[in-house]
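**Student:** Contents of work-v8.cif (mmCIF, C-alpha atoms):
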```cif
data_coords
loop_
_atom_site.label_atom_id
_atom_site.label_comp_id
_atom_site.auth_asym_id
_atom_site.auth_seq_id
_atom_site.Cartn_x
_atom_site.Cartn_y
_atom_site.Cartn_z
CA MET A 14 0.00 0.00 0.00
CA MET A 15 1.62 3.21 -1.18
CA ASN A 16 -0.12 6.33 -0.09
CA LYS A 17 0.65 9.83 -1.32
CA ILE A 18 3.11 10.71 1.47
CA THR A 19 5.11 7.49 1.14
CA THR A 20 5.42 8.05 -2.61
CA LEU A 21 6.48 11.62 -1.93
CA ILE A 22 9.14 10.59 0.58
CA ILE A 23 10.65 8.05 -1.81
CA GLY A 24 10.54 10.48 -4.73
CA MET A 25 12.12 13.29 -2.72
CA MET A 26 14.78 10.91 -1.42
CA ILE A 27 15.78 10.05 -5.00
CA VAL A 28 15.96 13.64 -6.24
CA THR A 29 17.87 14.68 -3.12
CA TYR A 30 20.36 11.82 -3.08
CA ILE A 31 21.25 11.68 -6.78
CA PRO A 32 22.54 15.27 -7.06
CA ARG A 33 24.56 14.65 -3.90
CA LEU A 34 26.00 11.32 -4.99
CA LEU A 35 26.65 11.77 -8.71
CA PRO A 36 29.52 14.30 -8.60
CA PHE A 37 31.56 12.03 -6.32
CA TYR A 38 31.67 9.43 -9.09
CA ILE A 39 31.86 11.50 -12.26
CA ILE A 40 34.34 14.24 -11.40
CA GLU A 41 37.33 11.90 -11.10
CA ARG A 42 36.60 10.48 -14.57
CA LEU A 43 36.61 13.88 -16.20
CA LYS A 44 39.84 15.56 -17.13
CA ILE A 45 39.18 18.92 -15.56
CA SER A 46 41.24 21.89 -16.64
CA ASP A 47 43.03 24.17 -14.17
CA GLN A 48 40.52 26.88 -15.02
CA VAL A 49 37.61 24.66 -13.93
CA LYS A 50 39.51 23.55 -10.83
CA LYS A 51 39.97 27.16 -9.86
CA SER A 52 36.28 27.80 -10.43
CA LEU A 53 35.45 25.00 -8.01
CA THR A 54 37.43 26.78 -5.28
CA TYR A 55 35.12 29.80 -5.57
CA ILE A 56 32.00 27.73 -4.96
CA PRO A 57 32.07 27.56 -1.13
CA TYR A 58 32.49 31.34 -0.87
CA ALA A 59 29.77 31.99 -3.42
CA ALA A 60 27.44 29.58 -1.59
CA LEU A 61 28.18 31.04 1.85
CA GLY A 62 27.67 34.63 0.72
CA ALA A 63 24.24 33.76 -0.64
CA MET A 64 23.35 31.74 2.46
CA VAL A 65 24.14 34.56 4.88
CA VAL A 66 22.67 37.50 2.91
CA PRO A 67 19.86 38.34 3.24
CA GLY A 68 18.70 35.37 5.37
CA GLY A 69 21.00 36.23 8.28
CA PHE A 70 19.41 39.65 8.75
CA GLN A 71 16.11 37.96 9.58
CA ALA A 72 17.67 35.12 11.57
CA VAL A 73 16.07 36.24 14.81
CA ASP A 74 12.43 36.59 13.88
CA GLY A 75 11.31 40.23 14.00
CA HIS A 76 14.67 41.53 15.30
CA PRO A 77 16.94 42.53 12.40
CA VAL A 78 19.15 44.74 14.61
CA ILE A 79 19.79 41.95 17.13
CA SER A 80 20.43 39.59 14.21
CA ILE A 81 23.09 41.84 12.73
CA PHE A 82 24.81 42.42 16.09
CA ALA A 83 24.72 38.69 16.86
CA LEU A 84 26.41 38.01 13.51
CA GLY A 85 29.01 40.60 14.49
CA VAL A 86 29.58 38.70 17.74
CA ALA A 87 30.25 35.52 15.75
CA ILE A 88 32.84 37.32 13.61
CA LEU A 89 34.46 38.93 16.65
CA LEU A 90 34.69 35.66 18.59
CA THR A 91 36.21 33.92 15.57
CA ALA A 92 38.76 36.71 15.19
CA ILE A 93 39.77 36.18 18.84
CA LYS A 94 39.79 32.38 18.76
CA GLU A 95 39.18 30.20 15.76
CA ASN A 96 36.61 27.79 17.16
CA LEU A 97 33.23 27.20 15.54
CA PHE A 98 31.47 25.99 18.65
CA ILE A 99 32.54 28.97 20.75
CA ALA A 100 31.47 31.39 18.03
CA VAL A 101 28.09 29.73 17.55
CA THR A 102 27.18 29.31 21.23
CA GLY A 103 28.48 32.82 21.98
CA SER A 104 26.30 34.29 19.28
CA VAL A 105 23.23 32.34 20.46
CA LEU A 106 23.84 33.42 24.08
CA PHE A 107 24.23 37.04 23.03
CA THR A 108 20.93 36.83 21.14
CA TYR A 109 19.23 35.18 24.11
CA ILE A 110 20.37 37.92 26.50
CA CYS A 111 19.26 40.64 24.04
CA LEU A 112 15.85 39.01 23.67
CA LEU A 113 15.41 38.85 27.43
CA ALA A 114 16.40 42.52 27.69
CA VAL A 115 14.01 43.89 25.05
CA MET B 2 43.38 4.59 15.38
CA ASN B 3 46.37 6.82 16.11
CA LYS B 4 46.41 10.00 18.17
CA ASN B 5 46.02 12.18 15.12
CA SER B 6 42.84 10.46 13.98
CA ARG B 7 41.43 10.60 17.50
CA ASN B 8 41.90 14.36 17.45
CA GLU B 9 40.16 14.49 14.08
CA VAL B 10 37.19 12.55 15.47
CA LYS B 11 36.98 14.89 18.44
CA ALA B 12 37.12 17.97 16.22
CA GLY B 13 34.49 16.37 14.00
CA PHE B 14 32.05 15.88 16.85
CA GLN B 15 32.66 19.43 18.03
CA SER B 16 31.89 20.89 14.61
CA GLY B 17 28.89 18.58 14.41
CA LEU B 18 27.57 20.04 17.67
CA SER B 19 27.73 23.54 16.20
CA ILE B 20 25.58 22.37 13.31
CA ALA B 21 23.23 20.50 15.66
CA LEU B 22 22.63 23.67 17.64
CA GLY B 23 21.39 25.29 14.46
CA PHE B 24 19.49 22.23 13.23
CA LEU B 25 17.53 21.54 16.43
CA PRO B 26 15.15 24.52 16.36
CA ILE B 27 14.64 24.06 12.62
CA ALA B 28 13.94 20.36 13.05
CA MET B 29 11.53 20.96 15.93
CA THR B 30 9.66 23.51 13.85
CA PHE B 31 9.48 20.95 11.08
CA GLY B 32 8.04 18.38 13.52
CA ILE B 33 5.41 20.81 14.75
CA LEU B 34 4.41 21.82 11.20
CA ALA B 35 4.39 18.19 10.07
CA LYS B 36 1.97 17.27 12.84
CA SER B 37 -0.35 20.14 11.98
CA SER B 38 -0.22 19.07 8.31
CA GLY B 39 -1.75 15.76 9.36
CA ILE B 40 1.11 13.39 8.50
CA THR B 41 2.11 10.59 10.87
CA LEU B 42 5.08 10.58 13.25
CA ALA B 43 6.81 7.89 11.18
CA GLN B 44 6.40 9.94 8.01
CA CYS B 45 7.66 13.06 9.75
CA VAL B 46 10.83 11.31 10.93
CA ALA B 47 11.18 9.64 7.53
CA PHE B 48 11.32 13.06 5.89
CA SER B 49 14.27 14.02 8.08
CA SER B 50 16.05 10.66 8.13
CA ILE B 51 15.43 9.33 4.60
CA VAL B 52 15.08 12.49 2.53
CA TYR B 53 17.29 14.68 4.76
CA ALA B 54 16.87 17.81 2.70
CA GLY B 55 16.32 20.63 5.20
CA ALA B 56 14.71 23.59 3.43
CA SER B 57 12.95 21.54 0.78
CA GLN B 58 11.19 19.53 3.50
CA PHE B 59 9.46 22.74 4.55
CA VAL B 60 8.64 23.53 0.95
CA ALA B 61 7.16 20.03 0.58
CA LEU B 62 4.90 20.52 3.64
CA ASP B 63 3.85 23.90 2.36
CA LEU B 64 3.01 22.52 -1.07
CA LEU B 65 1.18 19.54 0.46
CA ASN B 66 -0.99 21.91 2.46
CA THR B 67 -1.86 23.88 -0.65
CA GLY B 68 -2.83 20.63 -2.36
CA ALA B 69 0.04 20.42 -4.84
CA GLY B 70 0.65 17.12 -6.62
CA VAL B 71 3.43 14.68 -5.71
CA LEU B 72 5.28 15.20 -8.99
CA SER B 73 5.38 18.97 -8.73
CA ILE B 74 6.71 18.75 -5.16
CA ILE B 75 9.41 16.31 -6.28
CA PHE B 76 10.38 18.61 -9.13
CA THR B 77 10.62 21.60 -6.78
CA THR B 78 12.83 19.53 -4.47
CA LEU B 79 15.13 18.73 -7.38
CA LEU B 80 15.52 22.44 -8.14
CA PHE B 81 16.27 23.18 -4.49
CA ASN B 82 18.86 20.45 -4.30
CA PHE B 83 20.69 21.12 -7.52
CA ARG B 84 23.21 23.24 -5.61
CA HIS B 85 24.43 20.07 -3.91
CA PHE B 86 25.59 18.78 -7.27
CA ILE B 87 27.96 21.72 -7.53
CA MET B 88 29.03 21.42 -3.88
CA GLY B 89 29.62 17.69 -4.32
CA ALA B 90 31.77 18.38 -7.35
CA SER B 91 33.95 20.74 -5.36
CA LEU B 92 34.06 18.49 -2.26
CA SER B 93 35.00 15.42 -4.29
CA THR B 94 38.23 17.11 -5.40
CA LYS B 95 39.29 17.36 -1.75
CA LEU B 96 38.36 13.85 -0.64
CA ASN B 97 41.35 11.86 0.55
CA LYS B 98 42.03 8.21 -0.20
CA ASN B 99 40.45 6.70 2.90
CA GLY B 100 37.22 8.49 2.02
CA LEU B 101 36.72 6.81 -1.34
CA LYS B 102 34.78 3.78 -0.19
CA TRP B 103 32.62 5.96 2.06
CA ARG B 104 31.41 8.12 -0.80
CA PRO B 105 27.78 6.90 -0.67
CA LEU B 106 27.53 7.96 2.98
CA ILE B 107 29.61 11.12 2.59
CA ALA B 108 27.26 12.19 -0.21
CA PHE B 109 24.10 11.28 1.71
CA TRP B 110 25.24 13.37 4.66
CA MET B 111 26.38 16.33 2.58
CA THR B 112 24.42 19.46 3.43
CA ASP B 113 25.24 23.15 2.95
CA GLU B 114 26.66 23.07 6.47
CA THR B 115 28.73 19.86 6.43
CA TYR B 116 30.04 20.81 3.00
CA SER B 117 31.14 24.29 4.04
CA ILE B 118 32.92 23.08 7.16
CA ALA B 119 34.57 20.10 5.49
CA TYR B 120 35.73 22.10 2.50
CA LEU B 121 37.04 25.18 4.27
CA LYS B 122 38.19 23.75 7.60
CA GLN B 123 40.08 20.78 6.23
CA GLU B 124 43.19 20.63 4.03
CA SER B 125 41.89 17.36 2.65
CA VAL B 126 38.61 15.79 3.66
CA GLY B 127 38.92 12.50 5.52
CA ILE B 128 36.43 10.23 7.23
CA TYR B 129 37.76 10.67 10.78
CA PHE B 130 36.64 14.28 10.78
CA TYR B 131 33.77 14.15 8.31
CA LEU B 132 31.77 11.16 9.53
CA PRO B 133 31.41 12.20 13.22
CA MET B 134 30.58 15.76 12.17
CA ALA B 135 28.02 14.72 9.56
CA ALA B 136 26.50 11.99 11.75
CA THR B 137 25.90 14.48 14.58
CA ALA B 138 24.23 16.90 12.17
CA TYR B 139 22.12 14.11 10.65
CA LEU B 140 20.93 12.74 13.98
CA SER B 141 20.06 16.20 15.27
CA LEU B 142 17.62 16.75 12.41
CA SER B 143 15.85 13.43 13.01
CA VAL B 144 15.80 13.75 16.80
CA GLY B 145 14.62 17.37 16.56
CA SER B 146 11.79 16.41 14.20
CA LEU B 147 10.71 13.65 16.58
CA LEU B 148 10.79 16.00 19.57
CA GLY B 149 8.89 18.71 17.73
CA PHE B 150 6.20 16.29 16.59
CA GLN B 151 5.76 14.65 20.00
CA LEU B 152 6.29 17.52 22.37
CA GLY B 153 5.69 20.69 20.35
CA GLY B 154 7.76 23.71 21.32
CA ILE B 155 9.42 22.48 24.53
CA LEU B 156 12.20 25.05 24.39
CA PRO B 157 11.37 28.41 25.99
CA GLY B 158 10.35 30.89 23.29
CA ALA B 159 13.32 33.22 23.63
CA LEU B 160 15.83 30.35 23.59
CA ASN B 161 14.21 28.79 20.54
CA GLN B 162 14.18 32.16 18.81
CA SER B 163 17.81 32.89 19.65
CA MET B 164 18.92 29.54 18.26
CA GLY B 165 17.73 30.84 14.89
CA ILE B 166 21.01 32.74 14.66
CA ALA B 167 23.16 29.60 15.04
CA LEU B 168 23.54 28.52 11.41
CA TYR B 169 24.26 32.03 10.20
CA ALA B 170 26.76 32.58 13.01
CA MET B 171 28.38 29.32 11.95
CA PHE B 172 28.60 30.36 8.30
CA LEU B 173 30.32 33.60 9.32
CA ALA B 174 32.63 31.78 11.73
CA ILE B 175 33.67 29.58 8.80
CA LEU B 176 34.22 32.60 6.56
CA THR B 177 36.07 34.96 8.93
CA PRO B 178 39.45 33.14 8.90
CA GLU B 179 39.21 32.93 5.10
CA PHE B 180 38.85 36.71 4.90
CA LYS B 181 42.19 37.06 6.66
CA LYS B 182 43.88 34.76 4.17
CA SER B 183 42.84 36.56 1.00
CA PHE B 184 41.17 39.81 0.03
CA LYS B 185 39.73 38.10 -2.99
CA THR B 186 37.52 35.97 -0.74
CA ILE B 187 35.80 39.10 0.50
CA GLY B 188 35.16 40.05 -3.10
CA VAL B 189 33.67 36.67 -3.99
CA VAL B 190 31.44 36.59 -0.90
CA ALA B 191 30.31 40.19 -1.47
CA THR B 192 29.51 39.41 -5.11
CA SER B 193 27.26 36.49 -4.22
CA ALA B 194 25.64 38.35 -1.32
CA ILE B 195 24.75 41.30 -3.56
CA LEU B 196 23.51 39.06 -6.37
CA ASN B 197 21.36 37.16 -3.88
CA LEU B 198 19.85 40.40 -2.57
CA LEU B 199 19.06 41.45 -6.14
CA ILE B 200 17.56 38.12 -7.15
CA HIS B 201 15.23 38.18 -4.13
CA ASN B 202 13.54 41.17 -5.73
CA ILE B 203 12.97 39.47 -9.07
CA LYS B 204 9.58 37.93 -8.46
CA PHE B 205 9.31 35.61 -11.45
CA ILE B 206 12.36 33.51 -10.52
CA PRO B 207 11.24 30.66 -8.22
CA GLN B 208 13.00 30.76 -4.86
CA GLY B 209 14.44 27.28 -5.31
CA TRP B 210 16.56 28.55 -8.18
CA HIS B 211 18.08 31.51 -6.37
CA ILE B 212 21.11 29.96 -4.79
CA ILE B 213 22.17 27.92 -7.80
CA ILE B 214 21.84 30.93 -10.13
CA VAL B 215 23.81 33.10 -7.69
CA ILE B 216 26.61 30.55 -7.33
CA VAL B 217 26.98 30.07 -11.07
CA LEU B 218 26.91 33.82 -11.80
CA THR B 219 29.46 34.56 -9.07
CA VAL B 220 31.85 31.92 -10.40
CA ILE B 221 31.46 33.24 -13.96
CA ILE B 222 32.08 36.84 -12.85
CA TRP B 223 35.26 35.90 -10.98
CA ASN B 224 36.50 33.80 -13.86
CA ILE B 225 36.17 36.83 -16.11
CA MET B 226 37.99 38.95 -13.51
CA ASP B 227 40.79 36.37 -13.38
CA LYS B 228 41.14 36.41 -17.15
CA ASN B 229 41.36 40.19 -17.20
CA ASN B 230 43.97 40.18 -14.46
CA LYS B 231 46.10 37.43 -15.93
CA ASN B 232 48.75 39.71 -17.36
CA GLU B 233 48.77 42.06 -14.44
CA VAL B 234 49.86 41.73 -10.83
CA LYS B 235 49.82 38.24 -9.38
CA TYR B 236 50.29 38.83 -5.69
CA ASP B 237 46.95 37.43 -4.65
CA GLU B 238 47.67 33.88 -5.80
#
```
Could you rewrite the structure in this file as C-alpha cells?
**Tutor:**
Amino acid sequence: MMNKITTLIIGMMIVTYIPRLLPFYIIERLKISDQVKKSLTYIPYAALGAMVVPGGFQAVDGHPVISIFALGVAILLTAIKENLFIAVTGSVLFTYICLLAV
Amino acid sequence: MNKNSRNEVKAGFQSGLSIALGFLPIAMTFGILAKSSGITLAQCVAFSSIVYAGASQFVALDLLNTGAGVLSIIFTTLLFNFRHFIMGASLSTKLNKNGLKWRPLIAFWMTDETYSIAYLKQESVGIYFYLPMAATAYLSLSVGSLLGFQLGGILPGALNQSMGIALYAMFLAILTPEFKKSFKTIGVVATSAILNLLIHNIKFIPQGWHIIIVIVLTVIIWNIMDKNNKNEVKYDE
C-alpha cells in the first residue's frame, strides 16, 4: 500500500540523493582543466555569501538589529579564537540575552 | 586509530555540535508543522532521516498543504537540491584516499553546512573528521523532528528564537578566517551576497533557483575577472 506521502518521501529521497552522490563518481573520470579547478574553489564562498545574505538579517524573527549584532559577535569571537562551537554558542547566548532585555 | 585520527574525530564531533545547535530549532519547527499538516510521526521522521533535505522539507509541507501534486513537489525539491551537485563536485576534489569507499555515505550526509565546514576547515577531507561531524548533524535533524512532533515547542520561546542565529553565526565563523587569508575571498562573498539580494527582488524567478543561479553567476564573474587580471599583478595567488 503506497499512499501519497510514502510516494512523496521516496521520490524526494531520490531527487535529493542523486545530485549529492553523482559528482563524487563522475568528477574523477573527467579531465578537468586548471581553469575549472579554480572555479570549483570559488563555490564555497559563493554559496556562503548567498546563504548569509539576506537570510541572516532575519535570523532572529522580528529583530533585524539583534540579528546583525549577533552576527558581528560571531565574527568577533572567531577573530579572537578560531573555534566554531565557541562562536556559535556565543552568538546564540548574546541573542538570548538581548531578547530577554528587550 | 592513532592519536592524530582521534583528534580528528573529536574535532568532527565538536563541529557537528555547532551544526546541531542550528538544526535543532529548525527540526523541531518541522516536527510541529508536520503534525499540523496531518502526517504521521513515522512519516515526519522519515522526511528528516530518509530524505534529509532541510529547506525543501518545509517547501514540501507547504506545497502539500496547498494541495500540490506529488510530482510537482518532487520537481521543486530537485531544483532546491541542484546546488548540492555543484558542492559535491567541489568536495570530491578534496576527498582523501580513505574516504573513497565511504562516498555513498559522505554524499548522503552532505548538506550546505557539512560541505562548508569540510571544505574550508580541512586541508583534505577524511572520514575521521567528516563522519562524526556529519552523523551528529544528521541525527540532530531526526531527533529534533521527533521531539517537535511529539512535544511541540518544549524550548522556551526566547531560547528557541535565539537559536535561529546559530547557522548564520556558523557560516560567518567559517568565513572569517578565510577573509584574513585573502582579500579576494571578501570580493567573492560580497559578489554572491549582492547578487542574492538582487535576485530576491525578481519575483518571477522561483525561490528554489536563487542559490544555484547566484553561485553560477558569481563563479562566472570571478572567472572573467581572473582572465582580465592574468597579465597584471599576481600577488593574490
**Student:** Quick one: residues within 12 Å of Leu90 of chain A, all atoms listed in the file counted, chain neighbours fewer than 2 positions away excluded, as a ChimeraX atom specification?
**Tutor:** /A:83-88,92-104,107 /B:170-171,173-175,177-178
**Student:** Please identify every residue of chain A that has at least one atom no more than 7 Å from any atom of chain B, counting all atoms listed in the file, and report them as an NGL selection string.
**Tutor:** :A and (21-22 or 24-26 or 28-30 or 32-34 or 36-37 or 40 or 52-63 or 65-67 or 69 or 72-74 or 80 or 84 or 87-88 or 91 or 97-98 or 100-101 or 104-105 or 108-109 or 112)
**Student:** Could you check which of B:Ser146, B:Thr115, B:Thr30, B:Thr137 is closest to Leu42 of chain B, using all atoms listed in the file?
**Tutor:** B:Ser146
**Student:** Nearest to Ser37 of chain B: which of B:Ile200, B:Ile225, B:Leu62, B:Leu156 is it, counting only C-alpha atoms?
**Tutor:**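 Between B:Ile200, B:Ile225, B:Leu62, B:Leu156, the residue approaching Ser37 of chain B most closely is B:Leu62.
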**Student:** Just to confirm, what's the straight-line distance from atom CA of Gly13 of chain B to atom CA of Ala119 of chain B in Å (one decimal)?
**Tutor:**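 Result for atom CA of Gly13 of chain B versus atom CA of Ala119 of chain B: 9.3 Å, one decimal.
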**Student:** To one decimal place in Å, what is the distance between atom CA of Gly127 of chain B and atom CA of Asn99 of chain B?
**Tutor:** 6.5 Å
**Student:** May I have the residues within 9 Å of Ala136 of chain B as a PDB file with C-alpha atoms, in the frame of the given file, using all atoms listed in the file and disregarding those fewer than 3 positions away in the same chain?
**Tutor:**
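What follows is the written file around_1.pdb:
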```pdb
ATOM      1  CA  PHE B  14      32.050  15.880  16.850  1.00  0.00           C
ATOM      2  CA  GLY B  17      28.890  18.580  14.410  1.00  0.00           C
ATOM      3  CA  TRP B 110      25.240  13.370   4.660  1.00  0.00           C
ATOM      4  CA  TYR B 131      33.770  14.150   8.310  1.00  0.00           C
ATOM      5  CA  LEU B 132      31.770  11.160   9.530  1.00  0.00           C
ATOM      6  CA  PRO B 133      31.410  12.200  13.220  1.00  0.00           C
ATOM      7  CA  TYR B 139      22.120  14.110  10.650  1.00  0.00           C
ATOM      8  CA  LEU B 140      20.930  12.740  13.980  1.00  0.00           C
ATOM      9  CA  SER B 141      20.060  16.200  15.270  1.00  0.00           C
TER      10      SER B 141
END
```
**Student:** How far is it from atom CA of Gly153 of chain B to atom CA of Ala138 of chain B, in Å with one decimal?
**Tutor:**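 Computing it gives 20.6 Å between the two atoms.
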**Student:** Extending 5 Å beyond the listed atoms of segment 109-115 of chain A on each side, what axis-aligned box results? I want centre and edge lengths in Å to one decimal, as JSON.
**Tutor:**
```
{"center_x": 17.2, "center_y": 39.5, "center_z": 25.7, "size_x": 16.4, "size_y": 18.7, "size_z": 14.0}
```
